[in-house]
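J.: Just entry.cif, nothing more (mmCIF, C-alpha atoms):
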data_protein
#
loop_
_atom_site.label_atom_id
_atom_site.label_comp_id
_atom_site.auth_asym_id
_atom_site.auth_seq_id
_atom_site.Cartn_x
_atom_site.Cartn_y
_atom_site.Cartn_z
CA MET T 1 -62.47 20.83 -8.55
CA SER T 2 -58.76 19.82 -8.06
CA GLU T 3 -56.23 20.32 -10.83
CA GLN T 4 -53.81 17.67 -12.14
CA LEU T 5 -50.38 18.17 -13.70
CA GLN T 6 -49.39 15.36 -16.04
CA LEU T 7 -45.91 15.31 -17.60
CA ARG T 8 -44.86 13.79 -20.87
CA ARG T 9 -43.83 10.18 -20.07
CA GLY T 10 -42.48 6.94 -21.55
CA THR T 11 -40.46 3.79 -20.91
CA ALA T 12 -36.70 3.94 -20.30
CA SER T 13 -35.96 3.05 -23.92
CA GLN T 14 -38.41 5.66 -25.21
CA VAL T 15 -36.97 8.36 -22.96
CA ALA T 16 -33.42 7.37 -23.96
CA ALA T 17 -34.28 8.10 -27.60
CA PHE T 18 -36.13 11.35 -26.88
CA THR T 19 -34.70 14.86 -27.21
CA GLY T 20 -36.89 17.25 -25.25
CA ALA T 21 -37.10 21.01 -25.39
CA GLN T 22 -34.79 23.02 -23.19
CA GLY T 23 -36.12 22.90 -19.64
CA GLU T 24 -38.65 20.20 -20.45
CA THR T 25 -39.09 17.43 -17.84
CA VAL T 26 -40.34 13.95 -18.73
CA MET T 27 -41.15 10.89 -16.66
CA ASP T 28 -39.22 7.61 -17.07
CA THR T 29 -41.94 5.06 -16.19
CA THR T 30 -39.51 2.11 -16.12
CA ASN T 31 -37.20 3.54 -13.46
CA ASN T 32 -39.70 5.94 -11.86
CA ARG T 33 -37.47 8.99 -12.21
CA LEU T 34 -37.65 12.45 -13.74
CA VAL T 35 -35.45 13.29 -16.72
CA VAL T 36 -34.59 16.92 -17.51
CA SER T 37 -33.91 17.96 -21.11
CA ASP T 38 -31.56 20.68 -22.35
CA GLY T 39 -32.90 20.84 -25.91
CA SER T 40 -29.97 18.96 -27.50
CA THR T 41 -28.91 15.91 -25.48
CA VAL T 42 -30.66 12.71 -26.58
CA GLY T 43 -32.11 11.01 -23.52
CA GLY T 44 -31.73 14.11 -21.36
CA TRP T 45 -30.36 14.16 -17.83
CA PRO T 46 -31.86 11.65 -15.34
CA ALA T 47 -32.39 12.90 -11.81
CA ALA T 48 -30.91 10.77 -9.02
CA LYS T 49 -33.22 9.02 -6.57
CA LEU T 50 -32.74 9.59 -2.86
CA VAL T 51 -31.51 5.97 -2.37
CA GLU T 52 -28.78 6.64 -4.93
CA VAL T 53 -27.43 9.67 -3.11
CA ILE T 54 -24.42 8.87 -0.92
CA THR T 55 -24.92 10.09 2.64
CA ASN T 56 -22.74 9.85 5.72
CA GLY T 57 -25.27 7.97 7.81
CA ARG T 58 -24.26 5.96 10.89
CA THR T 59 -26.10 2.82 12.04
CA PRO T 60 -25.36 1.96 15.70
CA VAL T 61 -25.49 -1.75 16.65
CA SER T 62 -25.43 -2.88 20.27
CA ASP T 63 -23.97 -6.33 20.90
CA ALA T 64 -25.91 -8.30 18.29
CA ALA T 65 -25.65 -9.82 14.84
CA TYR T 66 -26.69 -7.39 12.12
CA SER T 67 -27.91 -7.69 8.53
CA ALA T 68 -26.60 -4.69 6.60
CA LEU T 69 -28.98 -2.73 4.38
CA THR T 70 -28.21 -1.26 0.97
CA THR T 71 -28.76 2.16 2.56
CA ASP T 72 -26.16 1.60 5.31
CA ARG T 73 -22.88 3.48 4.96
CA MET T 74 -21.35 3.01 8.43
CA ILE T 75 -22.17 0.24 10.92
CA ALA T 76 -20.81 1.12 14.36
CA TYR T 77 -20.71 -1.41 17.20
CA THR T 78 -21.46 0.45 20.42
CA ALA T 79 -21.34 -2.67 22.64
CA LEU T 80 -19.56 -5.99 22.09
CA SER T 81 -19.39 -8.84 24.60
CA ALA T 82 -19.00 -11.79 22.21
CA ALA T 83 -18.18 -12.62 18.59
CA ARG T 84 -20.79 -11.15 16.22
CA VAL T 85 -21.61 -11.50 12.51
CA VAL T 86 -22.45 -8.72 10.06
CA SER T 87 -24.26 -10.12 7.01
CA LEU T 88 -23.81 -8.08 3.85
CA PRO T 89 -26.58 -7.40 1.34
CA PRO T 90 -26.17 -8.84 -2.17
CA ALA T 91 -23.22 -7.16 -3.85
CA SER T 92 -25.43 -6.67 -6.91
CA ALA T 93 -27.78 -4.45 -4.89
CA TYR T 94 -25.22 -2.16 -3.24
CA PRO T 95 -24.34 1.13 -5.01
CA THR T 96 -21.04 0.93 -6.87
CA GLY T 97 -18.25 3.22 -5.69
CA THR T 98 -19.85 3.53 -2.25
CA ARG T 99 -17.92 2.43 0.81
CA LEU T 100 -19.56 0.42 3.59
CA LEU T 101 -17.59 0.84 6.83
CA ILE T 102 -17.94 -1.57 9.77
CA VAL T 103 -16.18 -0.42 12.95
CA ASP T 104 -15.73 -1.44 16.60
CA GLU T 105 -16.26 1.68 18.70
CA THR T 106 -16.07 -0.22 22.00
CA GLY T 107 -12.44 -1.31 22.03
CA ASN T 108 -13.62 -4.78 23.06
CA CYS T 109 -13.01 -6.45 19.69
CA SER T 110 -10.28 -9.11 19.89
CA THR T 111 -9.25 -12.48 18.51
CA THR T 112 -12.09 -14.05 20.53
CA LYS T 113 -14.65 -11.23 20.30
CA THR T 114 -14.49 -10.82 16.54
CA LEU T 115 -16.67 -9.11 13.97
CA THR T 116 -17.11 -11.52 11.06
CA ILE T 117 -18.21 -9.91 7.81
CA SER T 118 -20.24 -12.45 5.84
CA PRO T 119 -21.12 -11.92 2.14
CA ASN T 120 -24.52 -12.87 0.77
CA GLY T 121 -24.91 -16.24 -1.00
CA SER T 122 -22.01 -16.91 -3.36
CA ASP T 123 -20.61 -13.37 -3.04
CA VAL T 124 -16.99 -13.02 -1.86
CA ILE T 125 -14.77 -10.46 -0.13
CA ASP T 126 -11.36 -10.26 -1.82
CA GLY T 127 -12.07 -13.75 -3.16
CA ALA T 128 -12.78 -15.16 0.33
CA THR T 129 -16.04 -16.23 1.98
CA SER T 130 -15.60 -13.86 4.94
CA ALA T 131 -13.44 -11.17 6.53
CA ILE T 132 -12.74 -10.86 10.25
CA VAL T 133 -12.10 -7.76 12.34
CA ASN T 134 -10.10 -8.93 15.36
CA VAL T 135 -8.43 -5.97 17.13
CA ALA T 136 -9.64 -3.28 19.52
CA TYR T 137 -11.19 -0.35 17.62
CA GLY T 138 -10.71 -2.33 14.42
CA PHE T 139 -12.59 -1.66 11.20
CA ILE T 140 -13.09 -2.72 7.60
CA GLY T 141 -14.32 -0.74 4.64
CA VAL T 142 -15.63 -2.60 1.58
CA GLU T 143 -17.15 -1.66 -1.76
CA SER T 144 -19.09 -3.69 -4.31
CA ASN T 145 -18.57 -4.18 -8.03
CA GLN T 146 -22.24 -5.27 -8.29
CA SER T 147 -21.08 -8.58 -9.79
CA GLY T 148 -20.76 -10.74 -6.70
CA GLU T 149 -17.51 -9.31 -5.35
CA TRP T 150 -16.67 -7.00 -2.45
CA THR T 151 -13.23 -5.39 -2.24
CA THR T 152 -11.54 -4.20 0.94
CA VAL T 153 -10.67 -0.51 0.59
CA ASP T 154 -9.97 0.28 4.28
CA GLN T 155 -8.51 -2.11 6.82
CA GLY T 156 -7.87 -2.01 10.54
CA PHE T 157 -7.46 -5.64 11.61
CA MET T 158 -4.88 -8.44 11.65
CA PRO T 159 -5.06 -10.56 8.47
CA ALA T 160 -3.97 -14.21 8.48
CA LEU T 161 -1.35 -13.39 5.81
CA ALA T 162 0.18 -9.91 5.66
CA ASN T 163 2.53 -8.27 3.16
CA ILE T 164 5.64 -6.87 4.85
CA ALA T 165 7.62 -5.58 1.87
CA ALA T 166 7.44 -5.64 -1.94
CA ALA T 167 9.74 -4.76 -4.83
CA ALA T 168 8.87 -3.10 -8.14
CA HIS T 169 8.47 -6.36 -10.08
CA GLY T 170 6.35 -8.26 -7.57
CA ALA T 171 8.90 -9.89 -5.28
CA ASN T 172 7.49 -9.72 -1.77
CA LEU T 173 7.86 -10.84 1.80
CA GLN T 174 4.82 -12.10 3.70
CA ILE T 175 4.25 -13.34 7.22
CA GLY T 176 1.31 -15.56 8.09
CA MET T 177 -0.48 -17.59 10.75
CA LEU T 178 -2.44 -20.81 10.32
CA GLU T 179 -4.50 -22.56 13.00
CA THR T 180 -6.00 -26.02 13.13
CA LEU T 181 -7.85 -27.96 15.84
CA VAL T 182 -6.74 -31.60 16.09
CA THR T 183 -8.92 -34.24 17.76
CA LEU T 184 -6.60 -36.91 19.11
CA SER T 185 -6.88 -40.70 18.88
CA GLY T 186 -4.55 -43.69 18.74
CA GLY T 187 -0.78 -43.53 18.88
CA SER T 188 -0.59 -40.37 16.75
CA THR T 189 -2.85 -38.00 14.83
CA ASN T 190 -2.07 -35.88 11.78
CA ALA T 191 -3.28 -32.29 11.53
CA SER T 192 -5.54 -31.45 8.58
CA VAL T 193 -3.73 -28.14 7.91
CA GLN T 194 -0.20 -28.51 6.59
CA ILE T 195 2.90 -26.34 6.75
CA PRO T 196 2.79 -24.45 3.40
CA ALA T 197 5.28 -25.23 0.65
CA ASN T 198 8.29 -22.95 0.14
CA CYS T 199 8.02 -21.21 3.48
CA ILE T 200 10.21 -20.50 6.49
CA VAL T 201 8.67 -21.74 9.75
CA LEU T 202 9.34 -19.78 12.93
CA ALA T 203 7.21 -21.80 15.35
CA VAL T 204 4.37 -24.28 15.68
CA GLY T 205 2.55 -23.47 18.91
CA ALA T 206 0.21 -25.85 20.71
CA ARG T 207 -2.64 -25.37 23.18
CA VAL T 208 -4.59 -28.18 24.82
CA VAL T 209 -8.23 -27.20 24.29
CA THR T 210 -9.71 -30.38 25.81
CA ALA T 211 -7.72 -32.41 28.35
CA ILE T 212 -5.83 -35.28 26.76
CA THR T 213 -6.55 -38.81 28.00
CA GLY T 214 -4.75 -42.11 27.43
CA ALA T 215 -1.23 -40.62 27.31
CA THR T 216 1.06 -39.07 29.92
CA SER T 217 2.41 -36.39 27.54
CA TYR T 218 2.64 -35.64 23.84
CA GLU T 219 4.97 -34.24 21.20
CA VAL T 220 4.54 -32.22 18.01
CA GLY T 221 6.63 -32.57 14.88
CA VAL T 222 6.86 -33.84 11.33
CA SER T 223 7.81 -37.14 9.74
CA GLY T 224 11.45 -37.82 10.55
CA ASN T 225 11.43 -35.42 13.49
CA LEU T 226 8.33 -36.07 15.57
CA SER T 227 9.45 -33.80 18.43
CA GLN T 228 10.66 -30.87 16.31
CA PHE T 229 8.18 -28.43 17.89
CA GLY T 230 8.08 -29.83 21.42
CA SER T 231 8.15 -33.02 23.51
CA GLY T 232 7.07 -34.03 26.98
CA LEU T 233 4.19 -31.56 26.70
CA SER T 234 1.48 -31.29 29.35
CA ILE T 235 -1.86 -32.99 28.74
CA SER T 236 -3.87 -30.61 30.97
CA ALA T 237 -6.56 -28.42 29.45
CA GLY T 238 -5.26 -24.89 28.89
CA SER T 239 -1.57 -25.87 28.84
CA THR T 240 0.49 -24.33 26.03
CA ASN T 241 3.80 -24.68 24.23
CA TYR T 242 5.34 -22.00 22.01
CA GLY T 243 7.09 -24.47 19.71
CA LEU T 244 9.83 -22.02 18.74
CA ILE T 245 12.60 -23.20 16.40
CA GLY T 246 15.39 -21.56 14.47
CA PRO T 247 13.93 -20.36 11.15
CA THR T 248 13.62 -23.53 9.07
CA ALA T 249 12.75 -23.86 5.37
CA PHE T 250 10.09 -26.31 4.20
CA TYR T 251 10.18 -26.77 0.43
CA SER T 252 7.03 -28.87 0.13
CA ALA T 253 3.72 -28.91 2.00
CA THR T 254 4.41 -30.86 5.19
CA THR T 255 2.04 -32.66 7.56
CA LEU T 256 2.21 -32.00 11.29
CA THR T 257 1.86 -34.98 13.61
CA ILE T 258 0.91 -35.10 17.28
CA THR T 259 2.31 -38.23 18.92
CA ALA T 260 1.30 -39.78 22.26
CA THR T 261 3.93 -40.71 24.81
CA GLY T 262 3.31 -43.02 27.75
CA GLY T 263 0.27 -44.60 26.08
CA SER T 264 -2.17 -43.93 23.22
CA PHE T 265 -4.65 -41.11 22.85
CA SER T 266 -8.20 -41.96 23.93
CA GLY T 267 -9.42 -38.36 23.81
CA GLY T 268 -8.47 -34.69 23.85
CA GLN T 269 -8.02 -31.78 21.44
CA VAL T 270 -4.99 -29.64 20.65
CA ARG T 271 -5.00 -26.44 18.60
CA LEU T 272 -1.82 -25.96 16.58
CA SER T 273 -0.68 -22.56 15.28
CA ILE T 274 1.86 -22.28 12.47
CA ALA T 275 3.90 -19.06 12.29
CA TYR T 276 5.61 -18.82 8.90
CA MET T 277 7.13 -16.48 6.32
CA LEU T 278 7.01 -16.49 2.52
CA ALA T 279 9.79 -14.91 0.43
CA ASN T 280 8.11 -14.79 -2.98
CA PRO T 281 10.22 -14.13 -6.11
CA SER T 282 9.33 -11.45 -8.65
CA ALA T 283 6.34 -12.01 -10.91
CA ALA T 284 7.99 -10.62 -14.06
#
Let me see whether you can do it: turn the structure in this file into structure tokens.
T.:
Amino acid sequence: MSEQLQLRRGTASQVAAFTGAQGETVMDTTNNRLVVSDGSTVGGWPAAKLVEVITNGRTPVSDAAYSALTTDRMIAYTALSAARVVSLPPASAYPTGTRLLIVDETGNCSTTKTLTISPNGSDVIDGATSAIVNVAYGFIGVESNQSGEWTTVDQGFMPALANIAAAAHGANLQIGMLETLVTLSGGSTNASVQIPANCIVLAVGARVVTAITGATSYEVGVSGNLSQFGSGLSISAGSTNYGLIGPTAFYSATTLTITATGGSFSGGQVRLSIAYMLANPSAA
């Protein structure tokens, strides 16, 4: 006849109020864990579960989208031929204080072959709905507060807005890039993304994504100076213009306009890129 060992047991609240004898082990039936007593500490000392123990595991991913698990600690891309998405588990389910590292081991990651890190549901990363790794051998390390937020703790990619320098009381210098795709029609079309307020613009570049029809050329500028960032520009797909200017201050948010010359737009798309700087005053 087999023998059975049965330990003293109780719910989490019962165990939390129990002071066992020194060396006594009880079973927490709510959390399915053993609790060791030292004879004096109320509630004893809960033993960690295996899933709660931080390990240095590595999950290889070959050229595919991936849904991260709560047990993942490092997600390593071993092949990358196109942009891929890594979907995070709910922040509430990931162990606090534990870093999740996502890394490109191929060297193929770029601004077109990106790794987009996508939070679950309404979760955010640094307040944003995604983070993007966009450089060769790039990486990002995030951790969860278990309340819907992931924080970047390691970073090896190019952010859209980067801090260059900062003073003791919060004054800082930032440099940023904004992109917007403009579908053209009529005599002129305004871009949906504006030049930010209180910034210094270095350039507004342009690339024809889809060949422009209905006009012989185009120009890019703002109200009052419609050719500020280029005129007589080619309408062929793939043609580009750097749109460089002497550093110019814009004190209010300003709309960019693409204007047709030699006709009116009947089709075509242009992607604009705004290179700008922010010189922010101190916060206190």
J.: Could you tell me, as a list in words, exactly which residues end up selected when the PyMOL selection byres ((chain T and resi 259) around 10) is applied to this structure?
T.: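 Going through the file, the PyMOL selection byres ((chain T and resi 259) around 10) ends up selecting Leu184, Ser185, Gly186, Gly187, Ser188, Thr189, Asn190, Ala215, Ser217, Tyr218, Glu219, Val220, Gly221, Val222, Leu226, Ser227, Ser231, Leu256, Thr257, Ile258, Ala260, Thr261, Gly263, Ser264 and Phe265 of chain T.
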J.: Quick one: residues within 8 Å of His169 of chain T, only C-alpha atoms, excluding same-chain residues fewer than 3 positions away - as a short mmCIF file (atom, residue, chain, number, x, y, z; two decimals) with C-alpha atoms, in the frame of the given file?
T.:
data_model
loop_
_atom_site.label_atom_id
_atom_site.label_comp_id
_atom_site.auth_asym_id
_atom_site.auth_seq_id
_atom_site.Cartn_x
_atom_site.Cartn_y
_atom_site.Cartn_z
CA SER T 282 9.33 -11.45 -8.65
CA ALA T 283 6.34 -12.01 -10.91
CA ALA T 284 7.99 -10.62 -14.06
#
J.: Run the PyMOL selection byres ((chain T and resi 154) around 9) against the file shown and list the residues it catches, as JSON, numbers by chain.
T.: {"T": [99, 101, 139, 140, 141, 142, 152, 153, 155, 156]}
J.: The PyMOL selection byres ((chain T and resi 167) around 12) on the file shown: which residues, as a compact mmCIF listing (two decimals) with C-alpha atoms, keeping the file's coordinate frame?
T.:
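Output contents, as saved in part13.txt:
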# COMPACT_ATOMS: atom_id res chain seq x y z
CA ASN T 163 2.53 -8.27 3.16
CA ILE T 164 5.64 -6.87 4.85
CA ALA T 165 7.62 -5.58 1.87
CA ALA T 166 7.44 -5.64 -1.94
CA ALA T 168 8.87 -3.10 -8.14
CA HIS T 169 8.47 -6.36 -10.08
CA GLY T 170 6.35 -8.26 -7.57
CA ALA T 171 8.90 -9.89 -5.28
CA ASN T 172 7.49 -9.72 -1.77
CA LEU T 173 7.86 -10.84 1.80
CA ALA T 279 9.79 -14.91 0.43
CA ASN T 280 8.11 -14.79 -2.98
CA PRO T 281 10.22 -14.13 -6.11
CA SER T 282 9.33 -11.45 -8.65
CA ALA T 283 6.34 -12.01 -10.91
CA ALA T 284 7.99 -10.62 -14.06
J.: Which is closest to Met158 of chain T among T:Ser266, T:Gly176, T:Met74, T:Gln146, if we use only C-alpha atoms?
T.: T:Gly176
J.: If we count all atoms listed in the file, what is near Gly138 of chain T at a cut-off of 9 Å, once residues fewer than 3 positions away on the same chain are taken out, given as an MDAnalysis selection string?
T.: chainID T and resid 102:105 107 109:110 133:135 155:158
J.: Which of these residues is nearest to Ser92 of chain T, using all atoms listed in the file: T:Val204, T:Leu161, T:Val124, T:Ile75?
T.: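 Distance minimum relative to Ser92 of chain T lands on T:Val124.
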J.: Let me make sure I understand: among T:Leu88, T:Ile175, T:Leu181, T:Ala64, which one has the smallest atom-to-atom distance to Lys113 of chain T if we use only C-alpha atoms?
T.: T:Ala64
J.: Determine, counting only C-alpha atoms, which protein, DNA and RNA residues have an atom within 7 Å of an atom of Thr248 of chain T; residues of the same chain fewer than 4 positions away are not included. Present the result as a list in words.
T.: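 My list of contacting residues is Ile200, Val201 and Leu202 of chain T.
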J.: From the options T:Leu34, T:Met177, T:Ala79, T:Ala93, which residue's atoms come nearest to Met277 of chain T, counting all atoms listed in the file?
T.: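 Of the candidates, the smallest distance to Met277 of chain T is held by T:Met177.
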J.: In Å, with one decimal, what is the gap from atom CA of Thr111 of chain T to atom CA of Ile195 of chain T?
T.: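 Separating atom CA of Thr111 of chain T from atom CA of Ile195 of chain T is a distance of 21.9 Å.
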J.: I want to know what sits within 6 Å of Thr96 of chain T, based on only C-alpha atoms, with residues of the same chain fewer than 2 positions away left out; could you give that as number ranges by chain?
T.: T: 98, 144-145
J.: So that I have them on file, write out the residues from the current selection with C-alpha atoms, as a PDB file, in the coordinates of the input.
T.:
ATOM      1  CA  THR T  98     -19.850   3.530  -2.250  1.00  0.00           C
ATOM      2  CA  SER T 144     -19.090  -3.690  -4.310  1.00  0.00           C
ATOM      3  CA  ASN T 145     -18.570  -4.180  -8.030  1.00  0.00           C
TER       4      ASN T 145
END
J.: When distances are computed from all atoms listed in the file, which of T:Ala136, T:Ala128, T:Tyr242, T:Leu100 shows the smallest separation from Thr114 of chain T?
T.: T:Ala136
J.: Give, as AutoDock Vina command-line options, the centre coordinates and the x, y and z edge lengths in Å to one decimal for an axis-aligned box around all listed atoms of segment 151-154 of chain T, padded by 4 Å on each side.
T.:
--center_x -11.6 --center_y -2.6 --center_z 1.0 --size_x 11.3 --size_y 13.7 --size_z 14.5
J.: Just the number, please: distance in Å from atom CA of Ala206 of chain T to atom CA of Ser252 of chain T, one decimal.
T.: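 Separating atom CA of Ala206 of chain T from atom CA of Ser252 of chain T is a distance of 21.9 Å.
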J.: Select, from T:Thr112, T:Ser118, T:Thr25, T:Thr106, the residue with the minimum atom-to-atom distance to Ala65 of chain T, counting all atoms listed in the file.
T.: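 Comparing T:Thr112, T:Ser118, T:Thr25, T:Thr106 against Ala65 of chain T, the winner is T:Ser118.
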J.: Excluding Ser236 of chain T and residues on its chain fewer than 4 positions from it, collect all residues at most 10 Å away from it, counting all atoms listed in the file, and give them as a list in words.
T.: Arg207, Val208, Val209, Thr210, Ala211, Ile212, Thr213, Thr216, Ser217, Thr240 and Gly268 of chain T
J.: Do you have the atom CA of Phe250 of chain T-atom CA of Thr183 of chain T distance handy?
T.: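 Atom-to-atom, atom CA of Phe250 of chain T to atom CA of Thr183 of chain T, that is 24.7 Å.
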J.: May I have the protein, DNA and RNA residues with any atom at most 8 Å from the point (-38.9, 17.9, -22.1), counting only C-alpha atoms, written as a list in words?
T.: Arg8, Thr19, Gly20, Ala21, Gln22, Gly23, Glu24, Thr25, Val26, Val35, Val36, Ser37, Asp38 and Gly39 of chain T
